[in-house]
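Take a look at the structure below.
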Amino acid sequence: MKTLIKNGTLVTAESSFQADLLIEGEHIIQIAPSIEAIDAEVVDASGQLVLPGGIDAHVHINLPMGETVSSDDYYTGSKAAAFGGTTTIIDFVSQDAGSLAENIARKRAEAEGKAAIDYNLHMNITRFDESVAEELADLPSLGIRSIKVFTAYNNRLRLGDGEIFKVMRIAGRHGLLTMVHAENGDVIDVLTAEALAQGHTSPIWHARTRPGWGEVEASLRAVALAAQAEAPVYIVHMNMAGEVDQLAYGRAHDVPAMGETCPQYLFFSEKDLERQDGAKWVCSPPLRSPADQDGLWHGIETGTIQVLATDHCPFFYDGTKPILYEGKLVSIPGKELGKDNFTRIPNGLPGVGDRLPVFWTHAVGACRITPNQFVALTSTNPARIFGLYPQKGCLAVGSDADLALWDPNYELTYGVHVAQHRTDYNLYEGWQLKGFPRQVFLRGKRIVADQQWFGKAGSGRYLMAHPGEIL
Ligand code: DUC
Ligand code: ZN
Ligand code: ZN
């Protein structure tokens, strides 16, 4: 089975050029100014851009949180991703009981028969001892090249600095990248207890009890630990301008330090938490100030930040009221759990499907970055950093034919009825967007066309990551 994408403009991280692209089976087999293939189905991409499918390097599918669980499973989350032009996601494995391999097998079983796009996994290391130290060496053979550690969530997820240093040192030796969730767990615990004792219950207190300085300090700590461990580090979900400064400092001193931000930190601020429906915006780390947004944009524009991910972790706003999902009524407890106590609001936001269209409009459309930078930030860089390149993240002969046919002139009013996340709200409700994926291909198969779904549960595959690159 061949498909010929004709008359499009191919956009890679490096350049944009007019070319035809021929797919056979699951792969790109030819790229040339003009291709004829009589046995191919022809797709006319006139006026459209051909982008490598998006890669979202930070999502949480089925993540248990307090009394509930994030509301997208592997089917609904991967379908939502595809509608927004994303064809690969990387989720996190919680370190629950048992060996790392057993935890990974359990997570993969959740995706089995459900994932509709391809996926890889990061391994959380939230408990460290001699046997975990040994098991880290097994991760590459299981297709995992990245681990995540936390400097917050005391007595739950946090490792001590010495443990993080040891983990990073072992990770470096085994070709694993250490990702760091950088907040100050001690300060958060003090402030949270004080706020609750004073009777503060509303969503804004989630941000007020997690000060940004803790992130700035913990980001530099992560970078410094990596320098001392002689290992690479990647700071997840940066939301503070000061974190970008710390990353830049490390990079200027030759530390292999990289980082990501997410759309919510570019477009929303603490002010949104003060709204009557502020719980919709509660995530960790929290939204910050307009000055921080500027610092993050500067980091994106200058390349200090390499990746735009989402931290997709959706919950219902009102999980007592069902929504219709594929003809069935669904309700999952959500943000209402915290109506009397901000610490009980499940942390997290929907976003995997919103990322590309929202970012295109406000980054490329606003002339902040080029289409090539867009591709780098949303597809090529995550593929390189997380060891999926060149199978993913590029338009090249031999690569998987994961494509978004992107119409830069398509205008729409965005919101919960366009986004396909399994939740009852969307952060970008009513936003006017320009630029949207008209067709999406996963390994040569069209899975979305004009906002209609042709994908299938179970057609997504687990990807074996290789050693990643330092960008
Ligand atoms: N932050 C969130 O808001 N949700 C899930 C995990 C995380 O780090
Ligand atoms: Zn995190
Ligand atoms: Zn996360």
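By order of appearance in the structure tokens: chains A, B, ..., then residues from 1 within every chain, and ligands from 1 in the order shown.
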
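For ligand 1, the set of protein, DNA and RNA residues within 8 Å, based on only C-alpha atoms and all ligand atoms, reads His60, Leu63, His181, His237, Val282, Cys283, Ser284, Pro285, Pro286, Asp311, His312, Cys313, Pro346, Asn347, Gly348 and Leu349 of chain A.
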
Expected file: the selected residues, N, CA, C and O atoms, as a PDB file, in the first residue's frame:
```
ATOM      1  N   HIS A  60       0.536  12.172  31.353  1.00  0.00           N
ATOM      2  CA  HIS A  60       0.164  11.240  32.426  1.00  0.00           C
ATOM      3  C   HIS A  60      -1.171  10.601  32.070  1.00  0.00           C
ATOM      4  O   HIS A  60      -2.218  11.233  32.141  1.00  0.00           O
ATOM      5  N   LEU A  63      -3.220   8.325  35.553  1.00  0.00           N
ATOM      6  CA  LEU A  63      -2.391   8.555  36.754  1.00  0.00           C
ATOM      7  C   LEU A  63      -3.281   8.619  38.001  1.00  0.00           C
ATOM      8  O   LEU A  63      -4.113   9.518  38.126  1.00  0.00           O
ATOM      9  N   HIS A 181      11.830  16.992  38.516  1.00  0.00           N
ATOM     10  CA  HIS A 181      10.710  17.841  38.937  1.00  0.00           C
ATOM     11  C   HIS A 181      11.283  18.703  40.055  1.00  0.00           C
ATOM     12  O   HIS A 181      11.555  18.208  41.149  1.00  0.00           O
ATOM     13  N   HIS A 237       8.680  20.659  33.019  1.00  0.00           N
ATOM     14  CA  HIS A 237       7.657  21.710  33.238  1.00  0.00           C
ATOM     15  C   HIS A 237       8.194  22.998  33.877  1.00  0.00           C
ATOM     16  O   HIS A 237       7.738  23.409  34.934  1.00  0.00           O
ATOM     17  N   VAL A 282      -5.488  24.277  38.318  1.00  0.00           N
ATOM     18  CA  VAL A 282      -4.565  23.806  39.364  1.00  0.00           C
ATOM     19  C   VAL A 282      -3.689  22.673  38.820  1.00  0.00           C
ATOM     20  O   VAL A 282      -4.182  21.608  38.432  1.00  0.00           O
ATOM     21  N   CYS A 283      -2.402  22.950  38.788  1.00  0.00           N
ATOM     22  CA  CYS A 283      -1.424  21.944  38.379  1.00  0.00           C
ATOM     23  C   CYS A 283      -0.142  22.213  39.156  1.00  0.00           C
ATOM     24  O   CYS A 283       0.031  23.288  39.726  1.00  0.00           O
ATOM     25  N   SER A 284       0.727  21.217  39.172  1.00  0.00           N
ATOM     26  CA  SER A 284       2.003  21.378  39.870  1.00  0.00           C
ATOM     27  C   SER A 284       3.148  21.126  38.910  1.00  0.00           C
ATOM     28  O   SER A 284       3.169  20.072  38.282  1.00  0.00           O
ATOM     29  N   PRO A 285       4.079  22.081  38.818  1.00  0.00           N
ATOM     30  CA  PRO A 285       4.092  23.361  39.509  1.00  0.00           C
ATOM     31  C   PRO A 285       3.013  24.290  38.969  1.00  0.00           C
ATOM     32  O   PRO A 285       2.507  24.078  37.870  1.00  0.00           O
ATOM     33  N   PRO A 286       2.686  25.322  39.753  1.00  0.00           N
ATOM     34  CA  PRO A 286       1.547  26.171  39.388  1.00  0.00           C
ATOM     35  C   PRO A 286       1.853  27.211  38.300  1.00  0.00           C
ATOM     36  O   PRO A 286       3.004  27.407  37.925  1.00  0.00           O
ATOM     37  N   ASP A 311       2.595  18.012  29.994  1.00  0.00           N
ATOM     38  CA  ASP A 311       2.215  17.526  31.333  1.00  0.00           C
ATOM     39  C   ASP A 311       0.715  17.206  31.369  1.00  0.00           C
ATOM     40  O   ASP A 311       0.051  17.384  32.391  1.00  0.00           O
ATOM     41  N   HIS A 312       0.206  16.750  30.222  1.00  0.00           N
ATOM     42  CA  HIS A 312      -1.214  16.395  30.105  1.00  0.00           C
ATOM     43  C   HIS A 312      -1.623  15.457  31.248  1.00  0.00           C
ATOM     44  O   HIS A 312      -1.093  14.351  31.377  1.00  0.00           O
ATOM     45  N   CYS A 313      -2.545  15.907  32.049  1.00  0.00           N
ATOM     46  CA  CYS A 313      -3.009  15.104  33.194  1.00  0.00           C
ATOM     47  C   CYS A 313      -4.419  15.612  33.506  1.00  0.00           C
ATOM     48  O   CYS A 313      -4.634  16.372  34.448  1.00  0.00           O
ATOM     49  N   PRO A 346      -7.417  17.567  42.484  1.00  0.00           N
ATOM     50  CA  PRO A 346      -6.432  16.795  41.716  1.00  0.00           C
ATOM     51  C   PRO A 346      -5.613  17.728  40.821  1.00  0.00           C
ATOM     52  O   PRO A 346      -6.171  18.572  40.118  1.00  0.00           O
ATOM     53  N   ASN A 347      -4.307  17.576  40.891  1.00  0.00           N
ATOM     54  CA  ASN A 347      -3.385  18.462  40.153  1.00  0.00           C
ATOM     55  C   ASN A 347      -3.241  18.004  38.712  1.00  0.00           C
ATOM     56  O   ASN A 347      -2.826  16.871  38.475  1.00  0.00           O
ATOM     57  N   GLY A 348      -3.509  18.884  37.793  1.00  0.00           N
ATOM     58  CA  GLY A 348      -3.235  18.531  36.410  1.00  0.00           C
ATOM     59  C   GLY A 348      -4.239  19.152  35.464  1.00  0.00           C
ATOM     60  O   GLY A 348      -5.349  19.520  35.856  1.00  0.00           O
ATOM     61  N   LEU A 349      -3.823  19.251  34.210  1.00  0.00           N
ATOM     62  CA  LEU A 349      -4.605  19.937  33.186  1.00  0.00           C
ATOM     63  C   LEU A 349      -4.661  19.094  31.915  1.00  0.00           C
ATOM     64  O   LEU A 349      -3.697  18.401  31.610  1.00  0.00           O
TER      65      LEU A 349
END
```

Those of region 143-232 of chain A in DSSP strand (DSSP E or B), formatted as a short mmCIF file (atom, residue, chain, number, x, y, z; two decimals) with all heavy atoms, in the first residue's frame:
```cif
data_model
loop_
_atom_site.label_atom_id
_atom_site.label_comp_id
_atom_site.auth_asym_id
_atom_site.auth_seq_id
_atom_site.Cartn_x
_atom_site.Cartn_y
_atom_site.Cartn_z
N SER A 146 15.07 7.16 29.98
CA SER A 146 14.89 8.38 30.77
C SER A 146 14.20 8.03 32.08
O SER A 146 13.30 7.18 32.11
CB SER A 146 14.07 9.41 29.98
OG SER A 146 13.02 8.77 29.28
N ILE A 147 14.66 8.70 33.14
CA ILE A 147 14.07 8.48 34.46
C ILE A 147 13.69 9.85 35.02
O ILE A 147 14.21 10.87 34.59
CB ILE A 147 15.06 7.76 35.40
CG1 ILE A 147 16.36 8.58 35.49
CG2 ILE A 147 15.35 6.36 34.90
CD1 ILE A 147 17.37 7.99 36.46
N LYS A 148 12.76 9.85 35.97
CA LYS A 148 12.36 11.13 36.57
C LYS A 148 12.52 11.05 38.09
O LYS A 148 12.11 10.07 38.71
CB LYS A 148 10.90 11.46 36.23
CG LYS A 148 10.47 12.82 36.77
CD LYS A 148 9.00 13.16 36.44
CE LYS A 148 8.62 14.52 37.02
NZ LYS A 148 7.18 14.78 37.00
N VAL A 149 13.11 12.09 38.65
CA VAL A 149 13.22 12.20 40.11
C VAL A 149 12.57 13.50 40.56
O VAL A 149 12.36 14.42 39.75
CB VAL A 149 14.70 12.15 40.58
CG1 VAL A 149 15.33 10.81 40.24
CG2 VAL A 149 15.51 13.30 39.99
N PHE A 150 12.26 13.58 41.84
CA PHE A 150 11.52 14.72 42.39
C PHE A 150 12.27 15.32 43.57
O PHE A 150 12.78 14.58 44.42
CB PHE A 150 10.14 14.26 42.91
CG PHE A 150 9.22 13.69 41.86
CD1 PHE A 150 9.44 12.41 41.36
CD2 PHE A 150 8.12 14.40 41.41
CE1 PHE A 150 8.59 11.87 40.39
CE2 PHE A 150 7.27 13.86 40.45
CZ PHE A 150 7.51 12.60 39.94
N ARG A 158 9.73 12.19 46.75
CA ARG A 158 11.01 12.89 46.80
C ARG A 158 12.17 11.97 47.15
O ARG A 158 12.07 11.13 48.04
CB ARG A 158 10.93 14.01 47.85
CG ARG A 158 12.21 14.78 47.98
CD ARG A 158 12.09 15.86 49.04
NE ARG A 158 13.35 16.54 49.20
CZ ARG A 158 13.54 17.56 50.03
NH1 ARG A 158 12.53 18.00 50.76
NH2 ARG A 158 14.72 18.12 50.12
N LEU A 177 18.84 9.47 30.73
CA LEU A 177 18.70 10.90 31.01
C LEU A 177 17.87 11.07 32.28
O LEU A 177 16.78 10.49 32.40
CB LEU A 177 17.99 11.58 29.83
CG LEU A 177 17.60 13.05 30.02
CD1 LEU A 177 18.83 13.93 30.23
CD2 LEU A 177 16.81 13.54 28.79
N THR A 178 18.36 11.88 33.22
CA THR A 178 17.59 12.13 34.44
C THR A 178 16.76 13.40 34.27
O THR A 178 17.29 14.48 34.02
CB THR A 178 18.52 12.28 35.66
OG1 THR A 178 19.35 11.12 35.75
CG2 THR A 178 17.71 12.43 36.94
N MET A 179 15.45 13.24 34.43
CA MET A 179 14.53 14.37 34.38
C MET A 179 14.24 14.77 35.83
O MET A 179 14.10 13.90 36.69
CB MET A 179 13.22 13.95 33.71
CG MET A 179 13.44 13.28 32.36
SD MET A 179 11.99 12.38 31.79
CE MET A 179 11.01 13.71 31.13
N VAL A 180 14.15 16.07 36.07
CA VAL A 180 13.94 16.49 37.46
C VAL A 180 12.70 17.37 37.58
O VAL A 180 12.54 18.35 36.82
CB VAL A 180 15.17 17.26 38.01
CG1 VAL A 180 14.93 17.68 39.46
CG2 VAL A 180 16.43 16.39 37.93
N HIS A 181 11.83 16.99 38.52
CA HIS A 181 10.71 17.84 38.94
C HIS A 181 11.28 18.70 40.06
O HIS A 181 11.56 18.21 41.15
CB HIS A 181 9.56 16.97 39.42
CG HIS A 181 8.40 17.74 40.00
ND1 HIS A 181 7.12 17.64 39.50
CD2 HIS A 181 8.32 18.62 41.02
CE1 HIS A 181 6.31 18.42 40.19
NE2 HIS A 181 7.01 19.03 41.14
#
```

Ranking A:Arg106, A:Ser71, A:Gly66, A:Glu301 by minimum distance to Asp318 (chain A) and counting only C-alpha atoms, which one comes first?
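Smallest distance to Asp318 (chain A) is found for A:Ser71.
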
DSSP-assigned alpha helix (DSSP H) members of region 11-254 of chain A, reported as a PyMOL selection string:
chain A and resi 74-83+100-111+130-135+161-173+185-197+204-208+212-229+241-252

Take the residues just selected and output them with C-alpha atoms as a compact mmCIF listing (two decimals), in the first residue's frame.
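Saved to selection_30.txt:
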```
# COMPACT_ATOMS: atom_id res chain seq x y z
CA TYR A 74 -4.50 5.13 26.58
CA TYR A 75 -7.29 5.11 24.03
CA THR A 76 -8.89 8.46 24.83
CA GLY A 77 -5.57 10.20 25.47
CA SER A 78 -3.95 8.96 22.29
CA LYS A 79 -7.04 9.80 20.25
CA ALA A 80 -7.04 13.34 21.67
CA ALA A 81 -3.34 13.66 20.88
CA ALA A 82 -3.89 12.56 17.29
CA PHE A 83 -6.65 15.12 16.70
CA LEU A 100 11.26 -1.57 37.94
CA ALA A 101 10.66 -4.20 35.25
CA GLU A 102 7.40 -5.28 36.90
CA ASN A 103 6.21 -1.68 37.11
CA ILE A 104 7.04 -1.13 33.46
CA ALA A 105 5.20 -4.31 32.47
CA ARG A 106 2.11 -3.15 34.39
CA LYS A 107 2.16 0.22 32.65
CA ARG A 108 2.58 -1.38 29.26
CA ALA A 109 -0.38 -3.64 29.99
CA GLU A 110 -2.52 -0.50 30.45
CA ALA A 111 -1.64 0.56 26.92
CA GLU A 130 20.95 -0.92 46.34
CA SER A 131 18.59 -3.11 44.34
CA VAL A 132 17.08 -0.13 42.51
CA ALA A 133 20.63 1.01 41.77
CA GLU A 134 21.26 -2.33 40.08
CA GLU A 135 17.93 -2.38 38.24
CA ASP A 161 19.94 15.25 47.19
CA GLY A 162 22.50 12.51 47.85
CA GLU A 163 20.17 9.93 46.35
CA ILE A 164 19.52 12.12 43.30
CA PHE A 165 23.27 12.52 42.90
CA LYS A 166 23.74 8.73 43.04
CA VAL A 167 20.86 8.12 40.63
CA MET A 168 22.25 10.66 38.18
CA ARG A 169 25.72 9.11 38.35
CA ILE A 170 24.39 5.63 37.62
CA ALA A 171 22.05 6.99 34.95
CA GLY A 172 24.94 8.73 33.22
CA ARG A 173 26.89 5.47 33.12
CA GLY A 185 9.35 20.06 49.12
CA ASP A 186 10.28 21.31 52.60
CA VAL A 187 9.03 24.86 52.05
CA ILE A 188 5.85 23.58 50.40
CA ASP A 189 5.10 21.43 53.45
CA VAL A 190 5.58 24.33 55.88
CA LEU A 191 3.46 26.75 53.87
CA THR A 192 0.70 24.24 53.17
CA ALA A 193 0.30 23.39 56.86
CA GLU A 194 0.20 27.10 57.74
CA ALA A 195 -2.34 27.93 55.02
CA LEU A 196 -4.67 25.13 56.09
CA ALA A 197 -4.34 26.12 59.77
CA ILE A 204 -5.01 30.29 44.60
CA TRP A 205 -3.47 28.86 47.77
CA HIS A 206 -2.16 25.98 45.76
CA ALA A 207 0.19 28.48 44.06
CA ARG A 208 0.84 30.52 47.18
CA GLY A 212 8.52 30.00 42.55
CA TRP A 213 11.83 30.62 44.33
CA GLY A 214 11.74 26.97 45.37
CA GLU A 215 11.75 26.01 41.70
CA VAL A 216 14.53 28.41 40.79
CA GLU A 217 16.67 27.08 43.61
CA ALA A 218 15.79 23.42 42.92
CA SER A 219 16.49 23.83 39.19
CA LEU A 220 19.96 25.14 39.91
CA ARG A 221 20.41 22.33 42.43
CA ALA A 222 19.44 19.79 39.76
CA VAL A 223 21.83 21.33 37.26
CA ALA A 224 24.62 21.44 39.87
CA LEU A 225 24.02 17.83 40.90
CA ALA A 226 24.20 16.81 37.25
CA ALA A 227 27.46 18.71 36.82
CA GLN A 228 28.92 16.89 39.81
CA ALA A 229 27.57 13.53 38.66
CA ALA A 241 11.82 32.84 34.21
CA GLY A 242 14.42 32.17 36.91
CA GLU A 243 14.52 28.48 35.98
CA VAL A 244 15.41 29.43 32.44
CA ASP A 245 18.21 31.59 33.87
CA GLN A 246 19.55 28.64 35.89
CA LEU A 247 19.39 26.38 32.86
CA ALA A 248 21.21 28.98 30.79
CA TYR A 249 23.85 29.25 33.53
CA GLY A 250 24.42 25.52 33.50
CA ARG A 251 24.54 25.36 29.70
CA ALA A 252 26.97 28.26 29.58
```

Pick out the residues sitting within 12 Å of Glu469 (chain A), and hand them over as JSON, numbers by chain; count only C-alpha atoms, and ignore anything fewer than 4 positions along from it in its own chain.
{"A": [145, 146, 175, 176, 177, 232, 233, 234, 256, 257, 258, 306, 380, 381, 382, 383, 384, 385, 386, 387, 388, 389, 390, 465]}

8 Å contact set for Cys262 (chain A), only C-alpha atoms, chain neighbours under 6 positions out, as number ranges by chain:
A: 237-239, 308-311

Could you write out the selected residues, including C-alpha atoms, as a short mmCIF file (atom, residue, chain, number, x, y, z; two decimals), in the first residue's frame?
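Here's the written file selection_35.cif:
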```cif
data_model
loop_
_atom_site.label_atom_id
_atom_site.label_comp_id
_atom_site.auth_asym_id
_atom_site.auth_seq_id
_atom_site.Cartn_x
_atom_site.Cartn_y
_atom_site.Cartn_z
CA HIS A 237 7.66 21.71 33.24
CA MET A 238 9.65 24.92 33.73
CA ASN A 239 7.31 27.76 34.64
CA LEU A 308 7.41 22.11 24.40
CA ALA A 309 5.53 19.26 26.13
CA THR A 310 2.19 19.40 27.98
CA ASP A 311 2.22 17.53 31.33
#
```

Nearest to ligand 2, chosen from A:Val236, A:Val43, A:Leu10, A:Leu136, with only C-alpha atoms and all ligand atoms counted in the distances
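Checking each candidate against ligand 2, we get A:Val236 as the closest.
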
Would you pick out the contacts of Ile23 (chain A) at 6 Å or less, using only C-alpha atoms, so that residues sharing its chain but fewer than 6 positions from it are not included, and give the list as a PDB file with N, CA and C atoms, in the first residue's frame?
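Result file around.pdb:
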```
ATOM      1  N   LYS A   2       0.693   2.108  -1.022  1.00  0.00           N
ATOM      2  CA  LYS A   2       1.495   3.329  -1.107  1.00  0.00           C
ATOM      3  C   LYS A   2       0.588   4.556  -1.021  1.00  0.00           C
ATOM      4  N   THR A   3       1.108   5.600  -0.409  1.00  0.00           N
ATOM      5  CA  THR A   3       0.402   6.882  -0.372  1.00  0.00           C
ATOM      6  C   THR A   3       1.384   7.952  -0.820  1.00  0.00           C
ATOM      7  N   ILE A  29       9.384   6.444   1.899  1.00  0.00           N
ATOM      8  CA  ILE A  29      10.387   5.773   1.041  1.00  0.00           C
ATOM      9  C   ILE A  29      11.022   6.726   0.027  1.00  0.00           C
TER      10      ILE A  29
END
```

Might you pull out every residue within 7 Å of Leu395 (chain A), with only C-alpha atoms counted and same-chain residues fewer than 3 positions away left off, and present them as a VMD selection string?
chain A and resid 12 52 399

Write the selection just made, keeping N, CA and C atoms, as a PDB file, in the first residue's frame?
```
ATOM      1  N   THR A  12      10.812  20.791   8.180  1.00  0.00           N
ATOM      2  CA  THR A  12      11.611  20.042   9.149  1.00  0.00           C
ATOM      3  C   THR A  12      12.190  21.034  10.152  1.00  0.00           C
ATOM      4  N   PRO A  52       6.426  16.573  10.560  1.00  0.00           N
ATOM      5  CA  PRO A  52       6.505  15.280  11.263  1.00  0.00           C
ATOM      6  C   PRO A  52       5.507  15.279  12.412  1.00  0.00           C
ATOM      7  N   SER A 399      12.216   6.812   7.778  1.00  0.00           N
ATOM      8  CA  SER A 399      11.523   7.147   9.032  1.00  0.00           C
ATOM      9  C   SER A 399      10.077   6.665   8.991  1.00  0.00           C
TER      10      SER A 399
END
```

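With only C-alpha atoms and all ligand atoms as the basis for measurement, A:Thr151 is the residue among A:Asn62, A:Gln451, A:Gln293, A:Thr151 that approaches ligand 2 most closely.
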
Contacts of Phe374 (chain A) at 8 Å (only C-alpha atoms; same-chain gap of 2+ positions) as a ChimeraX atom specification:
/A:13,360,363-364,369-372,376-378

Could you check the closest approach to ligand 3 for each of A:Arg275, A:His58, A:His27, A:Arg438 and tell me which residue wins, using only C-alpha atoms and all ligand atoms?
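Under the stated criterion, the closest residue is A:His58.
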
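Of the residues under consideration (A:Pro203, A:Asp96, A:Glu336, A:Glu41), A:Pro203 shows the shortest atom-to-atom contact distance to Leu273 (chain A) when counting only C-alpha atoms.
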
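Here the question is which of A:Ser459, A:Ser46, A:Asn341, A:Thr126 gets nearest to ligand 2 using only C-alpha atoms and all ligand atoms, and that residue is A:Thr126.
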
Do you have the CA of Val352 (chain A)-CA of Tyr414 (chain A) distance handy?
14.1 Å
